[in-house]
Amino acid sequence: MKTFKIGYIDTVHGECPHCNEETLLVAIVTDFYKCTLCGEETRQYVNGSIKYLKLDERDREFIQKEKEVDEKELEKKDGKKER
Ligand SMILES: [Zn+2]
């Protein structure tokens, strides 16, 4: 299990449940990753070992909300920056 950072983007190696390939997954929001191979979104599930699951409706709603929060946070931060 390798975790490393490219800038502020978290990427991990894992097996994608969509294409069943060992691939690089990019964090989109906490616990959710996007496969760089097929572009599908997955949920990281930790239970002794780490697995990546396909999303259900709830997961998709959660991601949508998280993304909106992130965007608002970013706007706030940008607003505070003085240049
Ligand atoms: Zn995939």
# chains A, B, ... in the order shown; residues from 1 in each chain; ligands from 1

call {"tool": "residues_near_ligand", "arguments": {"ligand": "ligand 1", "cutoff": "8 Å", "atoms": "only C-alpha atoms and all ligand atoms", "output": "VMD selection string"}}
result
chain A and resid 15 to 21 23 34 to 40

call {"tool": "write_last_selection", "arguments": {"atoms": "C-alpha atoms", "output": "PDB file, in the first residue's frame"}}
result
ATOM      1  CA  GLU A  15      -7.611  -2.495  -7.782  1.00  0.00           C
ATOM      2  CA  CYS A  16     -10.429  -0.713  -9.542  1.00  0.00           C
ATOM      3  CA  PRO A  17     -13.799  -2.507  -9.170  1.00  0.00           C
ATOM      4  CA  HIS A  18     -14.900  -1.220 -12.554  1.00  0.00           C
ATOM      5  CA  CYS A  19     -12.085  -2.290 -14.835  1.00  0.00           C
ATOM      6  CA  ASN A  20     -10.555  -4.836 -12.423  1.00  0.00           C
ATOM      7  CA  GLU A  21      -7.108  -3.494 -13.078  1.00  0.00           C
ATOM      8  CA  THR A  23      -4.358   1.120 -11.267  1.00  0.00           C
ATOM      9  CA  LYS A  34     -11.368   8.103  -9.320  1.00  0.00           C
ATOM     10  CA  CYS A  35      -9.748   5.463 -11.500  1.00  0.00           C
ATOM     11  CA  THR A  36      -7.217   6.977 -13.883  1.00  0.00           C
ATOM     12  CA  LEU A  37      -7.721   4.075 -16.278  1.00  0.00           C
ATOM     13  CA  CYS A  38     -11.488   3.978 -16.824  1.00  0.00           C
ATOM     14  CA  GLY A  39     -12.460   7.240 -15.114  1.00  0.00           C
ATOM     15  CA  GLU A  40     -15.031   5.629 -12.815  1.00  0.00           C
TER      16      GLU A  40
END

call {"tool": "residues_around", "arguments": {"residues": "range 68-80 of chain A", "least_positions_apart": "3", "cutoff": "12 Å", "atoms": "only C-alpha atoms", "output": "PDB file with N, CA and C atoms, in the first residue's frame"}}
result
ATOM      1  N   ILE A  28     -10.844  12.203  -4.948  1.00  0.00           N
ATOM      2  CA  ILE A  28     -11.698  13.314  -5.369  1.00  0.00           C
ATOM      3  C   ILE A  28     -12.223  14.040  -4.137  1.00  0.00           C
ATOM      4  N   VAL A  29     -12.739  13.298  -3.179  1.00  0.00           N
ATOM      5  CA  VAL A  29     -13.055  13.839  -1.860  1.00  0.00           C
ATOM      6  C   VAL A  29     -12.646  12.754  -0.865  1.00  0.00           C
ATOM      7  N   THR A  30     -12.731  13.040   0.423  1.00  0.00           N
ATOM      8  CA  THR A  30     -12.321  12.079   1.435  1.00  0.00           C
ATOM      9  C   THR A  30     -12.946  10.705   1.203  1.00  0.00           C
ATOM     10  N   GLU A  61     -24.414  11.069  -3.964  1.00  0.00           N
ATOM     11  CA  GLU A  61     -24.943  12.280  -3.335  1.00  0.00           C
ATOM     12  C   GLU A  61     -23.907  12.886  -2.402  1.00  0.00           C
ATOM     13  N   PHE A  62     -23.232  11.995  -1.646  1.00  0.00           N
ATOM     14  CA  PHE A  62     -22.218  12.444  -0.703  1.00  0.00           C
ATOM     15  C   PHE A  62     -21.102  13.186  -1.441  1.00  0.00           C
ATOM     16  N   ILE A  63     -20.642  12.604  -2.524  1.00  0.00           N
ATOM     17  CA  ILE A  63     -19.566  13.222  -3.298  1.00  0.00           C
ATOM     18  C   ILE A  63     -20.007  14.589  -3.813  1.00  0.00           C
ATOM     19  N   GLN A  64     -21.222  14.635  -4.320  1.00  0.00           N
ATOM     20  CA  GLN A  64     -21.742  15.885  -4.845  1.00  0.00           C
ATOM     21  C   GLN A  64     -21.717  16.965  -3.779  1.00  0.00           C
ATOM     22  N   LYS A  65     -22.179  16.600  -2.569  1.00  0.00           N
ATOM     23  CA  LYS A  65     -22.205  17.572  -1.469  1.00  0.00           C
ATOM     24  C   LYS A  65     -20.802  17.990  -1.082  1.00  0.00           C
ATOM     25  N   ARG A  83      -3.388  39.965  -2.857  1.00  0.00           N
ATOM     26  CA  ARG A  83      -2.251  39.992  -3.774  1.00  0.00           C
ATOM     27  C   ARG A  83      -2.017  41.393  -4.260  1.00  0.00           C
TER      28      ARG A  83
END

call {"tool": "atom_distance", "arguments": {"atom1": "CA of Leu24 in chain A", "atom2": "CA of Thr11 in chain A"}}
result
6.6 Å

call {"tool": "residues_around", "arguments": {"residues": "Asp31 in chain A", "least_positions_apart": "4", "cutoff": "12 Å", "atoms": "only C-alpha atoms", "output": "NGL selection string"}}
result
:A and (10-12 or 25-27 or 41-46 or 50-53 or 55 or 59 or 62-63 or 66)

call {"tool": "select_by_dssp", "arguments": {"residues": "chain A", "states": "alpha helix (DSSP H)", "output": "PyMOL selection string"}}
result
chain A and resi 57-80

call {"tool": "select_by_dssp", "arguments": {"residues": "chain A", "states": "strand (DSSP E or B)", "output": "PyMOL selection string"}}
result
chain A and resi 3-6+9-15+22-29+32-35+41-47+49-54

call {"tool": "decode", "arguments": {"residues": "range 31-47 of chain A", "atoms": "N, CA, C and O atoms", "output": "JSON list (two decimals), in the first residue's frame"}}
result
[["chain", "number", "residue", "atom", "x", "y", "z"],
["A", 31, "ASP", "N", -12.10, 9.69, 1.13],
["A", 31, "ASP", "CA", -12.51, 8.29, 0.98],
["A", 31, "ASP", "C", -13.01, 7.91, -0.42],
["A", 31, "ASP", "O", -13.35, 6.77, -0.68],
["A", 32, "PHE", "N", -13.07, 8.88, -1.32],
["A", 32, "PHE", "CA", -13.54, 8.56, -2.66],
["A", 32, "PHE", "C", -12.44, 8.83, -3.69],
["A", 32, "PHE", "O", -11.76, 9.85, -3.60],
["A", 33, "TYR", "N", -12.31, 7.89, -4.59],
["A", 33, "TYR", "CA", -11.22, 7.96, -5.57],
["A", 33, "TYR", "C", -11.75, 7.75, -6.97],
["A", 33, "TYR", "O", -12.78, 7.11, -7.17],
["A", 34, "LYS", "N", -11.00, 8.26, -7.93],
["A", 34, "LYS", "CA", -11.37, 8.10, -9.32],
["A", 34, "LYS", "C", -10.28, 7.30, -10.01],
["A", 34, "LYS", "O", -9.10, 7.60, -9.87],
["A", 35, "CYS", "N", -10.68, 6.30, -10.76],
["A", 35, "CYS", "CA", -9.75, 5.46, -11.50],
["A", 35, "CYS", "C", -9.17, 6.25, -12.66],
["A", 35, "CYS", "O", -9.91, 6.86, -13.43],
["A", 36, "THR", "N", -7.84, 6.23, -12.78],
["A", 36, "THR", "CA", -7.22, 6.98, -13.88],
["A", 36, "THR", "C", -7.28, 6.20, -15.19],
["A", 36, "THR", "O", -6.98, 6.71, -16.25],
["A", 37, "LEU", "N", -7.68, 4.93, -15.09],
["A", 37, "LEU", "CA", -7.72, 4.08, -16.28],
["A", 37, "LEU", "C", -9.08, 4.18, -16.98],
["A", 37, "LEU", "O", -9.17, 4.44, -18.16],
["A", 38, "CYS", "N", -10.16, 3.97, -16.20],
["A", 38, "CYS", "CA", -11.49, 3.98, -16.82],
["A", 38, "CYS", "C", -12.29, 5.22, -16.45],
["A", 38, "CYS", "O", -13.34, 5.47, -17.01],
["A", 39, "GLY", "N", -11.79, 6.00, -15.47],
["A", 39, "GLY", "CA", -12.46, 7.24, -15.11],
["A", 39, "GLY", "C", -13.64, 7.09, -14.17],
["A", 39, "GLY", "O", -14.31, 8.07, -13.85],
["A", 40, "GLU", "N", -13.90, 5.85, -13.72],
["A", 40, "GLU", "CA", -15.03, 5.63, -12.81],
["A", 40, "GLU", "C", -14.64, 5.99, -11.38],
["A", 40, "GLU", "O", -13.47, 5.90, -11.00],
["A", 41, "GLU", "N", -15.64, 6.37, -10.60],
["A", 41, "GLU", "CA", -15.39, 6.73, -9.21],
["A", 41, "GLU", "C", -15.61, 5.53, -8.30],
["A", 41, "GLU", "O", -16.49, 4.71, -8.54],
["A", 42, "THR", "N", -14.78, 5.43, -7.27],
["A", 42, "THR", "CA", -14.87, 4.31, -6.34],
["A", 42, "THR", "C", -14.79, 4.82, -4.91],
["A", 42, "THR", "O", -14.33, 5.92, -4.65],
["A", 43, "ARG", "N", -15.26, 3.98, -4.00],
["A", 43, "ARG", "CA", -15.19, 4.33, -2.59],
["A", 43, "ARG", "C", -14.17, 3.43, -1.92],
["A", 43, "ARG", "O", -14.19, 2.22, -2.09],
["A", 44, "GLN", "N", -13.28, 4.04, -1.15],
["A", 44, "GLN", "CA", -12.29, 3.26, -0.41],
["A", 44, "GLN", "C", -12.96, 2.67, 0.82],
["A", 44, "GLN", "O", -13.60, 3.37, 1.59],
["A", 45, "TYR", "N", -12.81, 1.37, 0.96],
["A", 45, "TYR", "CA", -13.42, 0.67, 2.07],
["A", 45, "TYR", "C", -12.33, -0.05, 2.83],
["A", 45, "TYR", "O", -11.63, -0.90, 2.26],
["A", 46, "VAL", "N", -12.14, 0.33, 4.10],
["A", 46, "VAL", "CA", -11.08, -0.26, 4.89],
["A", 46, "VAL", "C", -11.66, -1.18, 5.95],
["A", 46, "VAL", "O", -12.47, -0.77, 6.77],
["A", 47, "ASN", "N", -11.30, -2.42, 5.87],
["A", 47, "ASN", "CA", -11.74, -3.41, 6.85],
["A", 47, "ASN", "C", -10.66, -4.48, 6.95],
["A", 47, "ASN", "O", -10.76, -5.54, 6.36]]
